[in-house]
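run-v4.pdb (PDB, C-alpha atoms, pLDDT in the B column) appears below.
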```
ATOM      1  CA  MET C 564    -130.250  81.490 -17.662  1.00 48.00           C
ATOM      2  CA  GLN C 565    -130.775  78.204 -19.418  1.00 45.00           C
ATOM      3  CA  GLU C 566    -131.545  80.046 -22.607  1.00 47.00           C
ATOM      4  CA  GLU C 567    -128.204  81.812 -22.416  1.00 46.00           C
ATOM      5  CA  THR C 568    -126.380  78.480 -22.091  1.00 46.00           C
ATOM      6  CA  ASN C 569    -128.203  77.061 -25.086  1.00 47.00           C
ATOM      7  CA  THR C 570    -127.413  80.194 -27.010  1.00 47.00           C
ATOM      8  CA  GLU C 571    -123.699  79.837 -26.151  1.00 48.00           C
ATOM      9  CA  LYS C 572    -123.745  76.220 -27.324  1.00 47.00           C
ATOM     10  CA  LYS C 573    -125.326  77.242 -30.576  1.00 45.00           C
ATOM     11  CA  GLU C 574    -122.725  79.930 -31.010  1.00 47.00           C
ATOM     12  CA  ASP C 575    -119.978  77.378 -30.342  1.00 48.00           C
ATOM     13  CA  THR C 576    -121.319  75.065 -33.006  1.00 47.00           C
ATOM     14  CA  MET C 577    -121.592  77.940 -35.368  1.00 49.00           C
ATOM     15  CA  ASN C 578    -118.083  79.126 -34.495  1.00 50.00           C
ATOM     16  CA  PRO C 579    -115.732  78.811 -37.453  1.00 47.00           C
ATOM     17  CA  SER C 580    -112.740  78.184 -35.167  1.00 47.00           C
ATOM     18  CA  ASN C 581    -114.061  74.666 -34.622  1.00 50.00           C
ATOM     19  CA  ASP C 582    -113.715  74.005 -38.374  1.00 50.00           C
ATOM     20  CA  VAL C 583    -110.131  75.229 -38.236  1.00 46.00           C
ATOM     21  CA  ASN C 584    -109.389  72.769 -35.472  1.00 50.00           C
ATOM     22  CA  GLN C 585    -110.877  69.913 -37.476  1.00 53.00           C
ATOM     23  CA  ASN C 586    -108.827  70.898 -40.541  1.00 51.00           C
ATOM     24  CA  GLU C 587    -105.670  70.992 -38.464  1.00 51.00           C
ATOM     25  CA  GLN C 588    -106.406  67.507 -37.138  1.00 50.00           C
ATOM     26  CA  THR C 589    -106.990  66.231 -40.690  1.00 51.00           C
ATOM     27  CA  GLU C 590    -103.685  67.750 -41.812  1.00 50.00           C
ATOM     28  CA  GLU C 591    -101.923  66.142 -38.858  1.00 51.00           C
ATOM     29  CA  VAL C 592    -103.340  62.713 -39.862  1.00 46.00           C
ATOM     30  CA  GLN C 593    -102.253  63.243 -43.456  1.00 49.00           C
ATOM     31  CA  GLY C 594     -98.797  64.316 -42.275  1.00 48.00           C
ATOM     32  CA  ALA C 595     -98.548  61.191 -40.151  1.00 47.00           C
ATOM     33  CA  ASP C 596     -99.478  59.102 -43.212  1.00 49.00           C
ATOM     34  CA  GLU C 597     -96.780  60.870 -45.203  1.00 48.00           C
ATOM     35  CA  ILE C 598     -94.258  60.180 -42.452  1.00 45.00           C
ATOM     36  CA  ARG C 599     -95.303  56.531 -42.458  1.00 50.00           C
ATOM     37  CA  SER C 600     -94.926  56.457 -46.247  1.00 50.00           C
ATOM     38  CA  GLY C 601     -91.444  58.004 -45.904  1.00 51.00           C
ATOM     39  CA  ASP C 602     -90.566  55.401 -43.268  1.00 58.00           C
ATOM     40  CA  SER C 603     -91.669  52.668 -45.680  1.00 68.00           C
ATOM     41  CA  ALA C 604     -89.363  54.023 -48.420  1.00 65.00           C
ATOM     42  CA  GLU C 605     -86.473  54.147 -45.944  1.00 70.00           C
ATOM     43  CA  ALA C 606     -87.197  50.564 -44.916  1.00 66.00           C
ATOM     44  CA  VAL C 607     -87.107  49.474 -48.556  1.00 65.00           C
ATOM     45  CA  GLU C 608     -83.808  51.287 -49.018  1.00 70.00           C
ATOM     46  CA  GLU C 609     -82.429  49.534 -45.936  1.00 70.00           C
ATOM     47  CA  VAL C 610     -83.496  46.115 -47.307  1.00 69.00           C
ATOM     48  CA  VAL C 611     -81.979  46.911 -50.711  1.00 71.00           C
ATOM     49  CA  SER C 612     -78.793  48.086 -49.015  1.00 74.00           C
ATOM     50  CA  ALA C 613     -78.658  44.885 -46.921  1.00 73.00           C
ATOM     51  CA  ASP C 614     -79.223  42.773 -50.066  1.00 78.00           C
ATOM     52  CA  SER C 615     -76.420  44.638 -51.845  1.00 82.00           C
ATOM     53  CA  GLU C 616     -74.047  43.987 -48.953  1.00 82.00           C
ATOM     54  CA  GLU C 617     -75.017  40.287 -48.928  1.00 84.00           C
ATOM     55  CA  LEU C 618     -74.473  40.118 -52.693  1.00 86.00           C
ATOM     56  CA  GLU C 619     -71.027  41.696 -52.360  1.00 87.00           C
ATOM     57  CA  ARG C 620     -70.154  39.275 -49.559  1.00 88.00           C
ATOM     58  CA  LEU C 621     -71.233  36.299 -51.684  1.00 89.00           C
ATOM     59  CA  ARG C 622     -69.245  37.604 -54.663  1.00 90.00           C
ATOM     60  CA  ALA C 623     -66.141  37.913 -52.492  1.00 90.00           C
ATOM     61  CA  GLU C 624     -66.706  34.391 -51.176  1.00 91.00           C
ATOM     62  CA  VAL C 625     -67.066  32.991 -54.708  1.00 91.00           C
ATOM     63  CA  GLN C 626     -63.868  34.759 -55.763  1.00 92.00           C
ATOM     64  CA  GLU C 627     -62.018  33.325 -52.769  1.00 92.00           C
ATOM     65  CA  HIS C 628     -63.227  29.794 -53.583  1.00 91.00           C
ATOM     66  CA  GLN C 629     -62.205  30.280 -57.204  1.00 92.00           C
ATOM     67  CA  GLN C 630     -58.696  31.352 -56.122  1.00 93.00           C
ATOM     68  CA  ARG C 631     -58.450  28.298 -53.861  1.00 92.00           C
ATOM     69  CA  PHE C 632     -59.541  26.058 -56.732  1.00 92.00           C
ATOM     70  CA  LEU C 633     -56.933  27.568 -59.063  1.00 92.00           C
ATOM     71  CA  ARG C 634     -54.204  27.105 -56.424  1.00 92.00           C
ATOM     72  CA  SER C 635     -55.275  23.488 -55.867  1.00 92.00           C
ATOM     73  CA  GLN C 636     -55.234  22.834 -59.602  1.00 92.00           C
ATOM     74  CA  ALA C 637     -51.742  24.339 -59.908  1.00 92.00           C
ATOM     75  CA  ASP C 638     -50.544  22.198 -56.976  1.00 92.00           C
ATOM     76  CA  PHE C 639     -52.003  19.093 -58.623  1.00 92.00           C
ATOM     77  CA  ASP C 640     -50.337  19.926 -61.961  1.00 92.00           C
ATOM     78  CA  ASN C 641     -46.978  20.328 -60.171  1.00 93.00           C
ATOM     79  CA  PHE C 642     -47.519  17.018 -58.336  1.00 93.00           C
ATOM     80  CA  ARG C 643     -48.372  15.265 -61.607  1.00 93.00           C
ATOM     81  CA  ARG C 644     -45.267  16.624 -63.348  1.00 93.00           C
ATOM     82  CA  ARG C 645     -43.073  15.639 -60.395  1.00 92.00           C
ATOM     83  CA  THR C 646     -44.595  12.148 -60.274  1.00 92.00           C
ATOM     84  CA  LEU C 647     -44.125  11.704 -64.021  1.00 91.00           C
ATOM     85  CA  LYS C 648     -40.480  12.723 -63.741  1.00 88.00           C
ATOM     86  CA  GLU C 649     -39.920  10.285 -60.857  1.00 87.00           C
ATOM     87  CA  LYS C 650     -41.655   7.552 -62.845  1.00 87.00           C
ATOM     88  CA  GLU C 651     -39.429   8.207 -65.877  1.00 84.00           C
ATOM     89  CA  GLU C 652     -36.312   8.039 -63.683  1.00 80.00           C
ATOM     90  CA  LEU C 653     -37.558   4.829 -62.082  1.00 79.00           C
ATOM     91  CA  ALA C 654     -38.216   3.265 -65.499  1.00 76.00           C
ATOM     92  CA  LYS C 655     -34.799   4.421 -66.697  1.00 72.00           C
ATOM     93  CA  TYR C 656     -33.000   2.601 -63.894  1.00 72.00           C
ATOM     94  CA  ALA C 657     -35.495  -0.211 -63.212  1.00 74.00           C
ATOM     95  CA  SER C 658     -33.318  -2.733 -65.048  1.00 71.00           C
ATOM     96  CA  ALA C 659     -30.253  -1.980 -62.882  1.00 71.00           C
ATOM     97  CA  LYS C 660     -31.026  -4.820 -60.446  1.00 78.00           C
ATOM     98  CA  LEU C 661     -31.597  -7.318 -63.269  1.00 78.00           C
ATOM     99  CA  ILE C 662     -28.434  -6.270 -65.110  1.00 72.00           C
ATOM    100  CA  THR C 663     -26.429  -6.592 -61.879  1.00 75.00           C
ATOM    101  CA  GLU C 664     -27.683 -10.165 -61.528  1.00 80.00           C
ATOM    102  CA  LEU C 665     -26.870 -10.902 -65.177  1.00 78.00           C
ATOM    103  CA  LEU C 666     -23.254  -9.703 -64.926  1.00 76.00           C
ATOM    104  CA  PRO C 667     -21.986 -13.040 -63.486  1.00 82.00           C
ATOM    105  CA  VAL C 668     -23.663 -14.783 -66.444  1.00 81.00           C
ATOM    106  CA  VAL C 669     -21.822 -12.456 -68.827  1.00 75.00           C
ATOM    107  CA  ASP C 670     -18.562 -13.195 -66.986  1.00 79.00           C
ATOM    108  CA  ASN C 671     -19.102 -16.957 -67.303  1.00 80.00           C
ATOM    109  CA  MET C 672     -19.972 -16.637 -70.985  1.00 78.00           C
ATOM    110  CA  ASP C 673     -16.738 -14.698 -71.512  1.00 75.00           C
ATOM    111  CA  ARG C 674     -14.738 -17.402 -69.703  1.00 78.00           C
ATOM    112  CA  ALA C 675     -16.399 -20.148 -71.795  1.00 77.00           C
ATOM    113  CA  LEU C 676     -15.558 -18.388 -75.056  1.00 74.00           C
ATOM    114  CA  THR C 677     -11.959 -17.864 -73.919  1.00 75.00           C
ATOM    115  CA  ALA C 678     -11.660 -21.533 -72.962  1.00 73.00           C
ATOM    116  CA  ALA C 679     -13.110 -22.618 -76.321  1.00 71.00           C
ATOM    117  CA  GLN C 680     -10.413 -20.659 -78.160  1.00 68.00           C
ATOM    118  CA  GLU C 681      -7.695 -22.268 -76.055  1.00 69.00           C
ATOM    119  CA  SER C 682      -9.062 -25.804 -76.202  1.00 68.00           C
ATOM    120  CA  ALA C 683     -10.293 -27.995 -79.016  1.00 65.00           C
ATOM    121  CA  GLU C 684     -12.627 -29.975 -76.794  1.00 73.00           C
ATOM    122  CA  ALA C 685     -16.119 -29.218 -78.127  1.00 73.00           C
ATOM    123  CA  GLU C 686     -17.825 -31.289 -75.442  1.00 75.00           C
ATOM    124  CA  SER C 687     -16.465 -29.217 -72.544  1.00 77.00           C
ATOM    125  CA  PHE C 688     -17.350 -26.022 -74.393  1.00 76.00           C
ATOM    126  CA  THR C 689     -20.935 -27.244 -74.925  1.00 79.00           C
ATOM    127  CA  LYS C 690     -21.270 -28.129 -71.255  1.00 81.00           C
ATOM    128  CA  GLY C 691     -19.937 -24.717 -70.218  1.00 80.00           C
ATOM    129  CA  VAL C 692     -22.357 -22.860 -72.494  1.00 83.00           C
ATOM    130  CA  ASP C 693     -25.240 -25.062 -71.297  1.00 83.00           C
ATOM    131  CA  MET C 694     -24.410 -24.238 -67.672  1.00 86.00           C
ATOM    132  CA  ILE C 695     -24.382 -20.526 -68.458  1.00 85.00           C
ATOM    133  CA  PHE C 696     -27.709 -20.809 -70.270  1.00 86.00           C
ATOM    134  CA  ARG C 697     -29.279 -22.564 -67.260  1.00 86.00           C
ATOM    135  CA  GLN C 698     -27.873 -19.873 -64.979  1.00 88.00           C
ATOM    136  CA  LEU C 699     -29.370 -17.160 -67.180  1.00 85.00           C
ATOM    137  CA  GLU C 700     -32.735 -18.940 -67.267  1.00 86.00           C
ATOM    138  CA  GLY C 701     -32.718 -19.149 -63.476  1.00 87.00           C
ATOM    139  CA  VAL C 702     -32.129 -15.395 -63.074  1.00 86.00           C
ATOM    140  CA  LEU C 703     -34.857 -14.502 -65.569  1.00 85.00           C
ATOM    141  CA  SER C 704     -37.296 -17.016 -64.083  1.00 87.00           C
ATOM    142  CA  ALA C 705     -36.751 -15.498 -60.625  1.00 86.00           C
ATOM    143  CA  GLU C 706     -37.799 -12.134 -62.113  1.00 83.00           C
ATOM    144  CA  GLY C 707     -41.086 -13.674 -63.334  1.00 86.00           C
ATOM    145  CA  LEU C 708     -40.116 -14.446 -66.944  1.00 87.00           C
ATOM    146  CA  THR C 709     -41.704 -17.569 -68.459  1.00 89.00           C
ATOM    147  CA  PRO C 710     -41.459 -18.802 -72.065  1.00 89.00           C
ATOM    148  CA  MET C 711     -44.616 -19.448 -74.091  1.00 91.00           C
ATOM    149  CA  ASN C 712     -45.367 -22.855 -75.563  1.00 91.00           C
ATOM    150  CA  ALA C 713     -47.044 -21.844 -78.797  1.00 93.00           C
ATOM    151  CA  VAL C 714     -46.791 -24.963 -81.017  1.00 93.00           C
ATOM    152  CA  GLY C 715     -50.085 -26.874 -81.183  1.00 93.00           C
ATOM    153  CA  GLN C 716     -52.057 -23.974 -79.642  1.00 94.00           C
ATOM    154  CA  PRO C 717     -54.843 -22.093 -81.453  1.00 95.00           C
ATOM    155  CA  PHE C 718     -53.580 -18.836 -82.914  1.00 96.00           C
ATOM    156  CA  ASN C 719     -54.195 -15.934 -80.504  1.00 95.00           C
ATOM    157  CA  PRO C 720     -53.206 -12.426 -81.666  1.00 94.00           C
ATOM    158  CA  GLU C 721     -52.650 -11.388 -78.027  1.00 94.00           C
ATOM    159  CA  TYR C 722     -49.860 -13.970 -77.649  1.00 95.00           C
ATOM    160  CA  HIS C 723     -48.774 -14.764 -81.210  1.00 96.00           C
ATOM    161  CA  GLN C 724     -47.494 -12.814 -84.189  1.00 95.00           C
ATOM    162  CA  ALA C 725     -48.173 -14.736 -87.407  1.00 95.00           C
ATOM    163  CA  ILE C 726     -45.503 -14.306 -90.040  1.00 95.00           C
ATOM    164  CA  MET C 727     -46.643 -17.044 -92.398  1.00 93.00           C
ATOM    165  CA  GLN C 728     -49.586 -19.340 -93.158  1.00 93.00           C
ATOM    166  CA  VAL C 729     -48.684 -22.878 -94.187  1.00 92.00           C
ATOM    167  CA  GLU C 730     -50.491 -26.043 -95.236  1.00 91.00           C
ATOM    168  CA  SER C 731     -50.466 -28.774 -92.597  1.00 87.00           C
ATOM    169  CA  ASP C 732     -51.774 -32.337 -92.539  1.00 87.00           C
ATOM    170  CA  GLU C 733     -51.014 -32.662 -88.832  1.00 89.00           C
ATOM    171  CA  TYR C 734     -52.897 -29.604 -87.530  1.00 90.00           C
ATOM    172  CA  GLU C 735     -56.319 -28.110 -88.171  1.00 91.00           C
ATOM    173  CA  GLU C 736     -56.715 -24.624 -89.626  1.00 92.00           C
ATOM    174  CA  GLY C 737     -55.700 -21.766 -87.314  1.00 93.00           C
ATOM    175  CA  ILE C 738     -53.254 -23.793 -85.203  1.00 94.00           C
ATOM    176  CA  VAL C 739     -49.639 -22.742 -84.576  1.00 95.00           C
ATOM    177  CA  VAL C 740     -47.425 -25.299 -86.364  1.00 95.00           C
ATOM    178  CA  GLU C 741     -43.986 -23.757 -85.827  1.00 93.00           C
ATOM    179  CA  GLU C 742     -42.369 -21.241 -83.518  1.00 93.00           C
ATOM    180  CA  VAL C 743     -39.851 -19.041 -85.338  1.00 91.00           C
ATOM    181  CA  GLN C 744     -39.025 -16.905 -82.294  1.00 91.00           C
ATOM    182  CA  LYS C 745     -40.003 -17.804 -78.741  1.00 88.00           C
ATOM    183  CA  GLY C 746     -42.445 -15.544 -76.944  1.00 90.00           C
ATOM    184  CA  TYR C 747     -42.230 -14.625 -73.261  1.00 90.00           C
ATOM    185  CA  LEU C 748     -44.566 -13.615 -70.453  1.00 89.00           C
ATOM    186  CA  LEU C 749     -43.410 -11.370 -67.615  1.00 86.00           C
ATOM    187  CA  LYS C 750     -45.648 -12.538 -64.776  1.00 83.00           C
ATOM    188  CA  ASP C 751     -49.130 -12.178 -66.333  1.00 83.00           C
ATOM    189  CA  LYS C 752     -48.183  -9.696 -69.084  1.00 88.00           C
ATOM    190  CA  VAL C 753     -46.990 -10.439 -72.615  1.00 89.00           C
ATOM    191  CA  LEU C 754     -43.399  -9.203 -72.776  1.00 87.00           C
ATOM    192  CA  ARG C 755     -42.821 -10.392 -76.325  1.00 89.00           C
ATOM    193  CA  PRO C 756     -45.304 -12.262 -78.548  1.00 92.00           C
ATOM    194  CA  ALA C 757     -44.120 -15.440 -80.221  1.00 93.00           C
ATOM    195  CA  MET C 758     -43.384 -15.265 -83.967  1.00 93.00           C
ATOM    196  CA  VAL C 759     -45.204 -18.247 -85.438  1.00 95.00           C
ATOM    197  CA  LYS C 760     -46.329 -20.057 -88.556  1.00 95.00           C
ATOM    198  CA  VAL C 761     -50.025 -20.903 -88.636  1.00 96.00           C
ATOM    199  CA  SER C 762     -51.815 -23.709 -90.481  1.00 93.00           C
ATOM    200  CA  GLY C 763     -54.107 -22.504 -93.241  1.00 83.00           C
TER     201      GLY C 763
END
```
Take the structure from the file and write it as structure tokens.
Amino acid sequence: MQEETNTEKKEDTMNPSNDVNQNEQTEEVQGADEIRSGDSAEAVEEVVSADSEELERLRAEVQEHQQRFLRSQADFDNFRRRTLKEKEELAKYASAKLITELLPVVDNMDRALTAAQESAEAESFTKGVDMIFRQLEGVLSAEGLTPMNAVGQPFNPEYHQAIMQVESDEYEEGIVVEEVQKGYLLKDKVLRPAMVKVSG
């Protein structure tokens, strides 16, 4: 009986159907590896697809920012043009207040000239003109206008315009000796440089 069992075991080991089973198992393992390999390729495709979508999203975002920048630049250009136009209009009419204040001076000057034609009194005419001049100086001074005192000062091209160089025993070289036309400052800015003669 025991011999028969051993014989059956030997026959089982010698049975070729066992080899078939082993081959089928090997093929199943290889198939599983192939499936895993296919899964890996699909995963790569998914990552690439996700990267492509992210890239497209970033491109759209960049384009949107670029459009916003262009709109902002156009708005700034319009603002600059509008501001420049307002500035030009302001400069055009900035002297209106000053001219309004000078009109009474013009009126008084007109009256003085009329009176001088009707009267031979030179003294009264001189007084009238002097009063008008003082009135005009007061208006201009209130606006921040101050005359320069150039004579005796070292020549300074920022404040003086030299029209002639002259010999002088009284002043050293490079000193303003005569003021041909008075210069003026408007607050802290040179409104008109003084025309001067300078010692040489």
What does the distance between atom CA of C:Gly763 and atom CA of C:Glu741 come to in Å, to one decimal place?
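Those two atoms sit 12.6 Å apart.
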Run the PyMOL selection byres ((chain C and resi 724) around 9) mentally over the shown coordinates, then write out the matched residues as a CSV table (one decimal) with C-alpha atoms, keeping the file's coordinate frame, using the chain letters and numbers from the document.
```csv
chain,number,residue,atom,x,y,z
C,718,PHE,CA,-53.6,-18.8,-82.9
C,719,ASN,CA,-54.2,-15.9,-80.5
C,720,PRO,CA,-53.2,-12.4,-81.7
C,721,GLU,CA,-52.6,-11.4,-78.0
C,722,TYR,CA,-49.9,-14.0,-77.6
C,723,HIS,CA,-48.8,-14.8,-81.2
C,725,ALA,CA,-48.2,-14.7,-87.4
C,726,ILE,CA,-45.5,-14.3,-90.0
C,756,PRO,CA,-45.3,-12.3,-78.5
C,757,ALA,CA,-44.1,-15.4,-80.2
C,758,MET,CA,-43.4,-15.3,-84.0
C,759,VAL,CA,-45.2,-18.2,-85.4
C,760,LYS,CA,-46.3,-20.1,-88.6
```
Using only C-alpha atoms, determine which residues lie at most 12 Å from C:Ala679, disregarding the query and same-chain residues fewer than 4 positions distant; provide the list as a JSON list (two decimals) with C-alpha atoms, keeping the file's coordinate frame.
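Writing done, so here's result_12.json:
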```
[["chain", "number", "residue", "atom", "x", "y", "z"],
["C", 672, "MET", "CA", -19.97, -16.64, -70.98],
["C", 673, "ASP", "CA", -16.74, -14.70, -71.51],
["C", 674, "ARG", "CA", -14.74, -17.40, -69.70],
["C", 675, "ALA", "CA", -16.40, -20.15, -71.80],
["C", 683, "ALA", "CA", -10.29, -28.00, -79.02],
["C", 684, "GLU", "CA", -12.63, -29.98, -76.79],
["C", 685, "ALA", "CA", -16.12, -29.22, -78.13],
["C", 686, "GLU", "CA", -17.82, -31.29, -75.44],
["C", 687, "SER", "CA", -16.46, -29.22, -72.54],
["C", 688, "PHE", "CA", -17.35, -26.02, -74.39],
["C", 689, "THR", "CA", -20.94, -27.24, -74.92],
["C", 690, "LYS", "CA", -21.27, -28.13, -71.26],
["C", 691, "GLY", "CA", -19.94, -24.72, -70.22],
["C", 692, "VAL", "CA", -22.36, -22.86, -72.49]]
```
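Taking only C-alpha atoms into account, C:Ile738 lies nearest to C:Ala713 out of the set C:Ile662, C:Ile695, C:Leu754, C:Ala713.
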For atom CA of C:Leu665 and atom CA of C:Met694, the interatomic separation in Å (one decimal):
13.8 Å
To one decimal place in Å, what is the distance between atom CA of C:Gln728 and atom CA of C:Gln744?
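Straight-line distance from atom CA of C:Gln728 to atom CA of C:Gln744 works out to 15.3 Å.
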Using all atoms listed in the file and a cutoff of 8 Å, can you tell me which residues are near (-42.7, -15.1, -72.4) in the file's coordinates, and write them out as a PDB file with C-alpha atoms, in the frame of the given file?
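Full text of out_29.pdb as output:
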```pdb
ATOM      1  CA  LEU C 708     -40.116 -14.446 -66.944  1.00 87.00           C
ATOM      2  CA  THR C 709     -41.704 -17.569 -68.459  1.00 89.00           C
ATOM      3  CA  PRO C 710     -41.459 -18.802 -72.065  1.00 89.00           C
ATOM      4  CA  MET C 711     -44.616 -19.448 -74.091  1.00 91.00           C
ATOM      5  CA  LYS C 745     -40.003 -17.804 -78.741  1.00 88.00           C
ATOM      6  CA  GLY C 746     -42.445 -15.544 -76.944  1.00 90.00           C
ATOM      7  CA  TYR C 747     -42.230 -14.625 -73.261  1.00 90.00           C
ATOM      8  CA  LEU C 748     -44.566 -13.615 -70.453  1.00 89.00           C
ATOM      9  CA  LEU C 749     -43.410 -11.370 -67.615  1.00 86.00           C
ATOM     10  CA  VAL C 753     -46.990 -10.439 -72.615  1.00 89.00           C
ATOM     11  CA  LEU C 754     -43.399  -9.203 -72.776  1.00 87.00           C
ATOM     12  CA  ARG C 755     -42.821 -10.392 -76.325  1.00 89.00           C
ATOM     13  CA  PRO C 756     -45.304 -12.262 -78.548  1.00 92.00           C
ATOM     14  CA  ALA C 757     -44.120 -15.440 -80.221  1.00 93.00           C
TER      15      ALA C 757
END
```
Which residue gives the smallest distance to C:Glu664 among C:Glu649, C:Ser612, C:Glu730, C:Ala705, with only C-alpha atoms counted?
C:Ala705
Per-residue nearest contacts of stretch 634-683 of chain C to stretch 618-630 of chain C (10 Å; all atoms listed in the file) as a tab-separated table:
```
residue	atom	partner	partner_atom	distance
C:Arg634	CA	C:Gln630	CA	6.2
C:Ser635	CA	C:Gln630	CA	8.6
C:Gln636	CA	C:Gln630	CA	9.8
```
